[in-house]
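Novice: Below you'll find input-v3.tsv; it's TSV, C-alpha atoms.
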chain	number	residue	atom	x	y	z
A	1	MET	CA	118.04	114.24	121.92
A	2	SER	CA	115.28	115.88	119.85
A	3	THR	CA	111.92	114.18	120.18
A	4	LEU	CA	108.61	114.40	118.37
A	5	ALA	CA	105.75	113.82	120.78
A	6	ALA	CA	101.98	113.54	120.64
A	7	GLU	CA	100.13	114.57	123.77
A	8	ARG	CA	96.58	113.21	123.97
A	9	LEU	CA	95.88	113.90	120.29
A	10	THR	CA	92.22	113.73	119.37
A	11	VAL	CA	90.87	114.17	115.85
A	12	ALA	CA	87.12	113.62	115.56
A	13	ASN	CA	86.28	110.08	114.44
A	14	ARG	CA	89.93	109.39	113.61
A	15	LEU	CA	92.21	109.63	116.67
A	16	ASP	CA	91.28	109.17	120.32
A	17	GLU	CA	93.72	110.67	122.84
A	18	VAL	CA	96.86	109.26	121.23
A	19	SER	CA	100.03	109.89	123.22
A	20	LEU	CA	103.53	108.80	122.27
A	21	GLU	CA	107.09	110.12	122.17
A	22	LEU	CA	109.24	109.40	119.13
A	23	ARG	CA	113.03	109.63	119.23
A	24	ARG	CA	115.56	110.64	116.61
A	25	GLY	CA	117.97	107.91	115.62
A	26	GLU	CA	115.18	105.33	115.38
A	27	ILE	CA	112.97	103.93	112.66
A	28	THR	CA	109.40	103.77	113.94
A	29	SER	CA	106.71	101.98	111.96
A	30	LEU	CA	103.03	102.85	112.33
A	31	CYS	CA	100.97	99.74	111.61
A	32	GLY	CA	97.30	98.86	111.76
A	33	PRO	CA	94.34	97.84	109.62
A	34	ASN	CA	92.64	100.18	107.16
A	35	GLY	CA	91.02	103.11	108.92
A	36	ALA	CA	93.06	102.66	112.10
A	37	GLY	CA	94.27	106.28	112.10
A	38	LYS	CA	97.83	105.81	110.82
A	39	SER	CA	97.74	108.45	108.09
A	40	THR	CA	95.83	110.87	110.31
A	41	LEU	CA	98.44	110.50	113.05
A	42	LEU	CA	101.27	111.05	110.57
A	43	GLU	CA	99.63	114.17	109.11
A	44	THR	CA	99.02	115.53	112.61
A	45	LEU	CA	102.64	114.91	113.59
A	46	ALA	CA	103.64	116.79	110.42
A	47	GLY	CA	101.52	119.79	111.42
A	48	LEU	CA	99.11	119.36	108.52
A	49	ILE	CA	96.07	118.55	110.66
A	50	THR	CA	95.11	120.66	113.65
A	51	PRO	CA	93.86	118.29	116.34
A	52	ASP	CA	90.58	118.90	118.12
A	53	ALA	CA	92.44	118.35	121.38
A	54	GLY	CA	96.00	117.72	122.46
A	55	ARG	CA	99.20	118.98	120.88
A	56	VAL	CA	102.38	117.96	119.06
A	57	LEU	CA	105.74	118.85	120.56
A	58	LEU	CA	108.98	119.10	118.59
A	59	GLY	CA	111.54	118.91	121.34
A	60	THR	CA	109.96	121.01	124.08
A	61	ASP	CA	108.19	123.41	121.70
A	62	ASP	CA	104.60	123.28	120.50
A	63	LEU	CA	104.66	122.51	116.77
A	64	ALA	CA	101.67	124.80	116.23
A	65	GLN	CA	103.86	127.78	117.13
A	66	PHE	CA	106.47	127.08	114.43
A	67	HIS	CA	106.63	129.21	111.31
A	68	SER	CA	105.81	127.06	108.28
A	69	ILE	CA	109.34	127.49	106.86
A	70	GLU	CA	111.03	126.35	110.08
A	71	ARG	CA	108.64	123.40	110.30
A	72	ALA	CA	109.43	122.45	106.69
A	73	LYS	CA	113.17	122.54	107.43
A	74	ARG	CA	112.84	120.14	110.32
A	75	LEU	CA	110.02	117.83	109.18
A	76	GLY	CA	110.01	116.11	105.80
A	77	TYR	CA	106.58	114.67	104.93
A	78	LEU	CA	105.62	112.31	102.09
A	79	PRO	CA	101.87	111.66	101.66
A	80	GLN	CA	100.37	108.35	100.66
A	81	SER	CA	99.40	109.44	97.14
A	82	PRO	CA	101.73	112.29	96.16
A	83	GLU	CA	101.31	114.03	92.82
A	84	ILE	CA	103.58	116.01	90.50
A	85	ALA	CA	102.10	119.32	89.40
A	86	TRP	CA	104.79	120.54	86.97
A	87	ASP	CA	106.51	118.74	84.12
A	88	VAL	CA	110.02	119.82	85.11
A	89	PRO	CA	113.27	117.82	84.92
A	90	VAL	CA	113.63	115.27	87.69
A	91	ARG	CA	116.64	117.04	89.19
A	92	SER	CA	114.73	120.33	89.35
A	93	LEU	CA	111.87	118.60	91.12
A	94	ILE	CA	114.22	117.09	93.69
A	95	GLU	CA	115.85	120.50	94.22
A	96	LEU	CA	112.46	121.79	95.43
A	97	GLY	CA	113.20	119.91	98.64
A	98	ARG	CA	115.76	122.63	99.37
A	99	MET	CA	113.22	125.47	99.16
A	100	PRO	CA	112.80	125.88	102.95
A	101	HIS	CA	116.58	126.41	103.15
A	102	GLY	CA	116.61	128.93	100.31
A	103	ASP	CA	119.28	127.12	98.31
A	104	LYS	CA	119.89	124.32	95.82
A	105	LEU	CA	122.94	122.76	97.44
A	106	ALA	CA	124.32	120.07	95.17
A	107	GLY	CA	125.52	117.82	97.99
A	108	PRO	CA	122.15	116.95	99.54
A	109	VAL	CA	120.47	116.78	96.12
A	110	ASP	CA	123.14	114.45	94.72
A	111	ALA	CA	122.94	112.27	97.84
A	112	ALA	CA	119.17	111.98	97.48
A	113	ILE	CA	119.50	111.11	93.79
A	114	ALA	CA	122.06	108.42	94.62
A	115	ALA	CA	120.01	107.03	97.51
A	116	LEU	CA	117.00	106.45	95.26
A	117	ASP	CA	119.04	105.31	92.22
A	118	LEU	CA	117.82	108.20	90.07
A	119	GLY	CA	121.02	109.19	88.27
A	120	ALA	CA	119.81	107.87	84.91
A	121	LEU	CA	116.53	109.76	85.29
A	122	ALA	CA	117.87	113.12	86.44
A	123	GLU	CA	117.23	114.88	83.11
A	124	ARG	CA	113.94	113.15	82.32
A	125	ARG	CA	110.71	115.14	82.46
A	126	ALA	CA	108.84	114.39	85.66
A	127	LEU	CA	105.50	113.59	84.02
A	128	SER	CA	107.10	110.92	81.82
A	129	LEU	CA	107.92	108.69	84.80
A	130	SER	CA	106.28	105.45	85.80
A	131	GLY	CA	104.42	105.17	89.09
A	132	GLY	CA	107.37	103.58	90.87
A	133	GLU	CA	109.81	106.12	89.44
A	134	THR	CA	107.54	108.96	90.53
A	135	ALA	CA	107.42	107.57	94.07
A	136	ARG	CA	111.22	107.45	94.21
A	137	VAL	CA	111.60	111.01	92.89
A	138	LEU	CA	109.14	112.48	95.39
A	139	LEU	CA	110.83	110.67	98.24
A	140	ALA	CA	114.19	111.99	97.00
A	141	ARG	CA	112.71	115.50	97.20
A	142	VAL	CA	112.03	114.89	100.90
A	143	LEU	CA	115.54	113.49	101.47
A	144	ALA	CA	117.16	116.47	99.70
A	145	GLY	CA	115.80	118.75	102.41
A	146	THR	CA	117.88	116.85	105.02
A	147	PRO	CA	115.13	117.12	107.64
A	148	GLU	CA	115.55	116.05	111.25
A	149	TRP	CA	112.44	113.90	110.81
A	150	ILE	CA	111.21	111.92	107.81
A	151	LEU	CA	107.48	111.18	108.00
A	152	ALA	CA	106.45	108.94	105.11
A	153	ASP	CA	103.08	107.31	104.43
A	154	GLU	CA	103.51	103.95	102.67
A	155	PRO	CA	106.77	105.00	100.94
A	156	LEU	CA	107.56	101.42	99.86
A	157	ALA	CA	104.21	100.53	98.31
A	158	ALA	CA	105.04	101.54	94.72
A	159	LEU	CA	108.66	100.36	94.76
A	160	ASP	CA	110.02	97.10	93.40
A	161	LEU	CA	111.87	94.76	95.73
A	162	ALA	CA	115.38	96.05	94.96
A	163	HIS	CA	114.41	99.69	95.50
A	164	GLN	CA	112.49	98.85	98.68
A	165	PHE	CA	115.60	97.38	100.26
A	166	ALA	CA	117.84	100.16	98.91
A	167	LEU	CA	115.58	102.77	100.50
A	168	LEU	CA	115.44	100.89	103.80
A	169	ARG	CA	119.24	100.72	103.87
A	170	HIS	CA	119.43	104.47	103.27
A	171	LEU	CA	116.90	105.21	106.01
A	172	ARG	CA	118.85	102.98	108.39
A	173	ARG	CA	122.06	104.89	107.64
A	174	ALA	CA	120.23	108.19	108.15
A	175	ALA	CA	118.82	107.05	111.49
A	176	ASP	CA	122.18	105.74	112.67
A	177	ALA	CA	124.14	108.88	111.71
A	178	GLY	CA	125.77	110.37	114.81
A	179	THR	CA	125.20	109.55	118.45
A	180	GLY	CA	121.66	110.60	119.27
A	181	ALA	CA	121.65	113.00	116.33
A	182	GLY	CA	120.45	110.71	113.57
A	183	THR	CA	117.30	111.33	111.57
A	184	GLY	CA	114.00	110.36	113.13
A	185	VAL	CA	112.17	108.11	110.67
A	186	VAL	CA	108.45	107.40	110.96
A	187	LEU	CA	106.93	105.13	108.33
A	188	VAL	CA	103.37	103.94	107.81
A	189	LEU	CA	103.70	100.32	106.68
A	190	HIS	CA	101.12	97.69	105.82
A	191	ASP	CA	103.77	95.03	105.24
A	192	LEU	CA	104.22	93.64	108.74
A	193	ALA	CA	107.32	91.64	107.76
A	194	LEU	CA	109.09	94.83	106.66
A	195	ALA	CA	108.13	96.45	109.95
A	196	MET	CA	109.29	93.42	111.93
A	197	ASN	CA	112.66	93.22	110.19
A	198	HIS	CA	113.58	96.87	109.71
A	199	ALA	CA	111.93	99.00	112.40
A	200	ASP	CA	113.37	99.70	115.83
A	201	ARG	CA	109.90	100.31	117.20
A	202	VAL	CA	106.38	99.53	116.07
A	203	VAL	CA	103.26	101.46	117.09
A	204	VAL	CA	100.05	99.57	116.32
A	205	LEU	CA	96.85	101.57	115.99
A	206	ASP	CA	93.30	100.28	115.88
A	207	GLY	CA	90.15	102.36	115.91
A	208	GLY	CA	92.13	105.56	116.40
A	209	SER	CA	93.94	104.35	119.53
A	210	VAL	CA	97.39	102.92	120.24
A	211	VAL	CA	96.94	99.24	121.13
A	212	ALA	CA	100.59	98.14	121.08
A	213	ASP	CA	103.88	100.02	121.22
A	214	GLY	CA	107.36	98.60	121.56
A	215	PRO	CA	110.03	96.50	119.87
A	216	PRO	CA	108.72	94.76	116.74
A	217	HIS	CA	108.79	91.27	118.25
A	218	SER	CA	106.50	92.49	121.03
A	219	ALA	CA	104.21	94.94	119.20
A	220	LEU	CA	103.71	92.48	116.31
A	221	ALA	CA	103.41	89.31	118.36
A	222	ALA	CA	100.98	86.71	117.01
A	223	ASP	CA	98.37	87.48	119.68
A	224	VAL	CA	98.43	91.19	118.78
A	225	ILE	CA	97.98	90.40	115.09
A	226	ALA	CA	95.10	88.05	115.88
A	227	ARG	CA	93.39	90.68	118.03
A	228	VAL	CA	93.88	93.62	115.67
A	229	TRP	CA	93.88	92.11	112.17
A	230	LYS	CA	91.68	89.09	113.02
A	231	VAL	CA	94.10	86.69	111.36
A	232	ALA	CA	95.85	83.72	112.96
A	233	THR	CA	99.55	83.92	112.06
A	234	ARG	CA	103.00	82.87	113.17
A	235	TRP	CA	106.49	84.18	112.51
A	236	ILE	CA	109.15	81.97	110.98
A	237	GLY	CA	112.86	82.56	110.40
A	238	GLU	CA	115.59	84.21	112.40
A	239	PRO	CA	115.49	87.77	113.81
A	240	GLY	CA	115.95	90.33	111.08
A	241	ARG	CA	114.82	87.85	108.41
A	242	ARG	CA	111.40	86.84	109.61
A	243	ALA	CA	108.42	86.00	107.46
A	244	LEU	CA	104.77	85.99	108.47
A	245	VAL	CA	102.66	82.97	107.57
A	246	THR	CA	99.13	81.92	108.44
A	247	ALA	CA	98.86	79.58	111.38
A	248	ASP	CA	96.27	77.34	109.70
Represent the supplied structure as C-alpha cells.
Specialist:
Amino acid sequence: MSTLAAERLTVANRLDEVSLELRRGEITSLCGPNGAGKSTLLETLAGLITPDAGRVLLGTDDLAQFHSIERAKRLGYLPQSPEIAWDVPVRSLIELGRMPHGDKLAGPVDAAIAALDLGALAERRALSLSGGETARVLLARVLAGTPEWILADEPLAALDLAHQFALLRHLRRAADAGTGAGTGVVLVLHDLALAMNHADRVVVLDGGSVVADGPPHSALAADVIARVWKVATRWIGEPGRRALVTAD
C-alpha cells in the first residue's frame, strides 16, 4: 500500500518535528485552531515547502527527489485560497489537471465535472463564476488529474450544503476504490462535525505539533477539544451523524 509519510518535519515557527504516516484508501482530516500548522503541513506534504529538517516520503522514496511532473501526477494539491489566472471556458480549466499526464482524456475530465455538478457551467467563462462555483471548478481540476493523493486545504469552506455532501460522497468513493489502492485523501477542516462524521482518521495539531491522532471519536473527544480549542463541548447524535454543541 502506498503511503505518504512525514519524518520529523520542522519548519521554523510553524512545525515542530511532526511525524506521521498517511495511508491510501483513507480520508484523513487535519484539524486544529488558527495558526496550528495545518496548512503548512499540507504544503510540505505536497512538496511545496522545503522543511528545515526532516523529510517527506512517498512510499519509500524521498519526495524531494521526485521530478516536478512525476510529483504532480501522484499528488493533487488544492490551496486554501486558489485563484484563476485565465478567463478560459470551465472545461478547458478543468482539463489543465491533465497537464502532468500530457493529455486531455475525456473520461477523467467528465468524471470530475460530474462529481462537482459542473455540467451546466462547462462552457461558461471561468472569471464569470461565483466564489462557490470557482471553488468547485478548481477542485474538479485536481480530480481530473486522478492523483494517488488529494491534498486539499479547506475544500468545503466555499460550498453550499448540498455540494459539500456531494463532494464528500465522491471523496469517499475515491478512497474506497479498490482494495488498498484507493485514493489517499487529506483534508484540512475547521468544521469538527464534518471531520467526526466523514473522516477515517483525524490528526489534531496545536502550536505546530501533533497533539492527537486516531479515529475521529478519539482524536476529537471532548477533553481534546477543551484542551486545544479552549471550549467546553459535547457530542450528540449517533455515530456518523453527530453534532457538536457547547456543554454549558
Novice: Quick one: residues within 9 Å of A:Met99, only C-alpha atoms counted, chain neighbours fewer than 5 positions away excluded, as a count of residues only?
Specialist: 5
Novice: To one decimal place, how far is atom CA of A:Arg172 from atom CA of A:Thr28 in Å?
Specialist: 11.0 Å
Novice: Just give me the gap between atom CA of A:Thr146 and atom CA of A:Arg91 in Å, one decimal is fine.
Specialist: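 The value is 15.9 Å.
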Novice: For the point (95.1, 92.3, 118.7) in file coordinates, what residues are within 12 Å, counting all atoms listed in the file? Give the answer as a VMD selection string?
Specialist: chain A and resid 31 to 33 204 to 207 210 to 213 218 to 233
Novice: Nearest to A:Leu48: which of A:Leu151, A:Ala122, A:Val88, A:Val185 is it, counting only C-alpha atoms?
Specialist: A:Leu151
Novice: One decimal, in Å: what's the spacing between atom CA of A:Tyr77 and atom CA of A:Glu154?
Specialist: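 Here the two named atoms are 11.4 Å from each other.
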Novice: Restricting the calculation to only C-alpha atoms: of A:Val90, A:Val186, A:Val137, A:Ala53, which residue gets closest to A:Thr3?
Specialist: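 Nearest to A:Thr3: A:Val186.
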Novice: Please determine the residues with any atom at most 9 Å from (102.9, 81.8, 108.8) (coordinates as given in the file, with only C-alpha atoms counting) and report them as a list in words.
Specialist: Ala232, Thr233, Arg234, Trp235, Ile236, Ala243, Leu244, Val245, Thr246, Ala247 and Asp248 of chain A
Novice: Set the distance at 9 Å and use all atoms listed in the file: which residues neighbour A:Ala174 once local chain neighbours fewer than 2 positions away are removed? I'd like the list as a PyMOL selection string.
Specialist: chain A and resi 25+169-172+176-178+182-185
Novice: Can you write out the residues you just picked, keeping C-alpha atoms, as a PDB file, in the coordinates of the input?
Specialist:
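Output below, filename result-v3.pdb:
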ATOM      1  CA  GLY A  25     117.970 107.910 115.620  1.00  0.00           C
ATOM      2  CA  ARG A 169     119.240 100.720 103.870  1.00  0.00           C
ATOM      3  CA  HIS A 170     119.430 104.470 103.270  1.00  0.00           C
ATOM      4  CA  LEU A 171     116.900 105.210 106.010  1.00  0.00           C
ATOM      5  CA  ARG A 172     118.850 102.980 108.390  1.00  0.00           C
ATOM      6  CA  ASP A 176     122.180 105.740 112.670  1.00  0.00           C
ATOM      7  CA  ALA A 177     124.140 108.880 111.710  1.00  0.00           C
ATOM      8  CA  GLY A 178     125.770 110.370 114.810  1.00  0.00           C
ATOM      9  CA  GLY A 182     120.450 110.710 113.570  1.00  0.00           C
ATOM     10  CA  THR A 183     117.300 111.330 111.570  1.00  0.00           C
ATOM     11  CA  GLY A 184     114.000 110.360 113.130  1.00  0.00           C
ATOM     12  CA  VAL A 185     112.170 108.110 110.670  1.00  0.00           C
TER      13      VAL A 185
END
Novice: Counting all atoms listed in the file, figure out which residue out of A:Val203, A:Ala193, A:Ala85, A:Leu138 gets nearest to A:Gly237.
Specialist: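 Smallest separation from A:Gly237 among the options: A:Ala193.
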Novice: Tell me which protein, DNA and RNA residues are within 9 Å of A:Ala114, counting all atoms listed in the file, leaving out same-chain ones fewer than 5 positions away, and put them as a PDB file with C-alpha atoms, in the coordinates of the input.
Specialist:
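The resulting out-v7.pdb:
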ATOM      1  CA  VAL A 109     120.470 116.780  96.120  1.00  0.00           C
ATOM      2  CA  GLY A 119     121.020 109.190  88.270  1.00  0.00           C
ATOM      3  CA  ALA A 140     114.190 111.990  97.000  1.00  0.00           C
TER       4      ALA A 140
END
Novice: So, counting only C-alpha atoms, which residue among A:Arg74, A:Lys38, A:Arg55, A:Arg141 is closest to A:Glu17?
Specialist: A:Arg55
Novice: Between A:Leu22, A:Leu45, A:Leu96, A:Leu9, single out the one closest to A:Arg201, counting all atoms listed in the file.
Specialist: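 So, comparing all the options, the nearest one is A:Leu22.
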Novice: Can you pull out every residue within 9 Å of A:Leu189, counting only C-alpha atoms, but drop anything in the same chain fewer than 2 positions away, and send it as a list of chain:residue names?
Specialist: A:Ser29, A:Leu30, A:Cys31, A:Gly32, A:Asp153, A:Glu154, A:Pro155, A:Leu156, A:Ala157, A:Leu187, A:Asp191, A:Leu192, A:Leu194, A:Ala195
Novice: Return the single residue from A:Pro89, A:Pro51, A:Pro216, A:Gly102 that is closest to A:Leu121, with distances computed using all atoms listed in the file.
Specialist: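 Once distances to A:Leu121 are computed over all atoms listed in the file, the minimum belongs to A:Pro89.
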Novice: Near A:Ile49, counting all atoms listed in the file, which residues have an atom at most 12 Å away, once you skip same-chain residues fewer than 3 positions from it, shown as a ChimeraX atom specification?
Specialist: /A:9-12,14-15,39-46,52-56,63-64
Novice: For stretch 60-79 of chain A, where the input has fewer atoms than it should, I would like N, CA and C atoms rebuilt and written as a PDB file, keeping the file's coordinate frame.
Specialist:
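Final output, out-v3.pdb:
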ATOM      1  N   THR A  60     110.825 120.511 123.012  1.00  0.00           N
ATOM      2  CA  THR A  60     109.960 121.010 124.080  1.00  0.00           C
ATOM      3  C   THR A  60     108.987 122.072 123.573  1.00  0.00           C
ATOM      4  N   ASP A  61     108.988 122.316 122.256  1.00  0.00           N
ATOM      5  CA  ASP A  61     108.190 123.410 121.700  1.00  0.00           C
ATOM      6  C   ASP A  61     106.947 122.886 120.994  1.00  0.00           C
ATOM      7  N   ASP A  62     105.865 123.629 121.141  1.00  0.00           N
ATOM      8  CA  ASP A  62     104.600 123.280 120.500  1.00  0.00           C
ATOM      9  C   ASP A  62     104.736 123.489 118.991  1.00  0.00           C
ATOM     10  N   LEU A  63     104.502 122.429 118.227  1.00  0.00           N
ATOM     11  CA  LEU A  63     104.660 122.510 116.770  1.00  0.00           C
ATOM     12  C   LEU A  63     103.751 123.577 116.167  1.00  0.00           C
ATOM     13  N   ALA A  64     102.613 123.816 116.772  1.00  0.00           N
ATOM     14  CA  ALA A  64     101.670 124.800 116.230  1.00  0.00           C
ATOM     15  C   ALA A  64     102.239 126.209 116.240  1.00  0.00           C
ATOM     16  N   GLN A  65     103.277 126.451 117.044  1.00  0.00           N
ATOM     17  CA  GLN A  65     103.860 127.780 117.130  1.00  0.00           C
ATOM     18  C   GLN A  65     104.989 128.004 116.121  1.00  0.00           C
ATOM     19  N   PHE A  66     105.380 126.957 115.390  1.00  0.00           N
ATOM     20  CA  PHE A  66     106.470 127.080 114.430  1.00  0.00           C
ATOM     21  C   PHE A  66     106.005 127.803 113.181  1.00  0.00           C
ATOM     22  N   HIS A  67     106.865 128.655 112.632  1.00  0.00           N
ATOM     23  CA  HIS A  67     106.630 129.210 111.310  1.00  0.00           C
ATOM     24  C   HIS A  67     106.695 128.064 110.297  1.00  0.00           C
ATOM     25  N   SER A  68     105.897 128.158 109.252  1.00  0.00           N
ATOM     26  CA  SER A  68     105.810 127.060 108.280  1.00  0.00           C
ATOM     27  C   SER A  68     107.172 126.741 107.655  1.00  0.00           C
ATOM     28  N   ILE A  69     108.029 127.742 107.457  1.00  0.00           N
ATOM     29  CA  ILE A  69     109.340 127.490 106.860  1.00  0.00           C
ATOM     30  C   ILE A  69     110.226 126.699 107.815  1.00  0.00           C
ATOM     31  N   GLU A  70     110.232 127.077 109.095  1.00  0.00           N
ATOM     32  CA  GLU A  70     111.030 126.350 110.080  1.00  0.00           C
ATOM     33  C   GLU A  70     110.519 124.920 110.222  1.00  0.00           C
ATOM     34  N   ARG A  71     109.211 124.750 110.211  1.00  0.00           N
ATOM     35  CA  ARG A  71     108.640 123.400 110.300  1.00  0.00           C
ATOM     36  C   ARG A  71     109.056 122.562 109.092  1.00  0.00           C
ATOM     37  N   ALA A  72     109.054 123.176 107.903  1.00  0.00           N
ATOM     38  CA  ALA A  72     109.430 122.450 106.690  1.00  0.00           C
ATOM     39  C   ALA A  72     110.910 122.080 106.680  1.00  0.00           C
ATOM     40  N   LYS A  73     111.754 122.883 107.327  1.00  0.00           N
ATOM     41  CA  LYS A  73     113.170 122.540 107.430  1.00  0.00           C
ATOM     42  C   LYS A  73     113.380 121.301 108.284  1.00  0.00           C
ATOM     43  N   ARG A  74     112.586 121.173 109.321  1.00  0.00           N
ATOM     44  CA  ARG A  74     112.840 120.140 110.320  1.00  0.00           C
ATOM     45  C   ARG A  74     112.038 118.861 110.097  1.00  0.00           C
ATOM     46  N   LEU A  75     110.889 118.982 109.415  1.00  0.00           N
ATOM     47  CA  LEU A  75     110.020 117.830 109.180  1.00  0.00           C
ATOM     48  C   LEU A  75     109.837 117.618 107.689  1.00  0.00           C
ATOM     49  N   GLY A  76     110.229 116.459 107.193  1.00  0.00           N
ATOM     50  CA  GLY A  76     110.010 116.110 105.800  1.00  0.00           C
ATOM     51  C   GLY A  76     108.870 115.123 105.704  1.00  0.00           C
ATOM     52  N   TYR A  77     107.793 115.487 104.978  1.00  0.00           N
ATOM     53  CA  TYR A  77     106.580 114.670 104.930  1.00  0.00           C
ATOM     54  C   TYR A  77     106.313 114.178 103.516  1.00  0.00           C
ATOM     55  N   LEU A  78     106.006 112.889 103.377  1.00  0.00           N
ATOM     56  CA  LEU A  78     105.620 112.310 102.090  1.00  0.00           C
ATOM     57  C   LEU A  78     104.242 111.687 102.242  1.00  0.00           C
ATOM     58  N   PRO A  79     103.225 112.214 101.533  1.00  0.00           N
ATOM     59  CA  PRO A  79     101.870 111.660 101.660  1.00  0.00           C
ATOM     60  C   PRO A  79     101.735 110.313 100.972  1.00  0.00           C
TER      61      PRO A  79
END
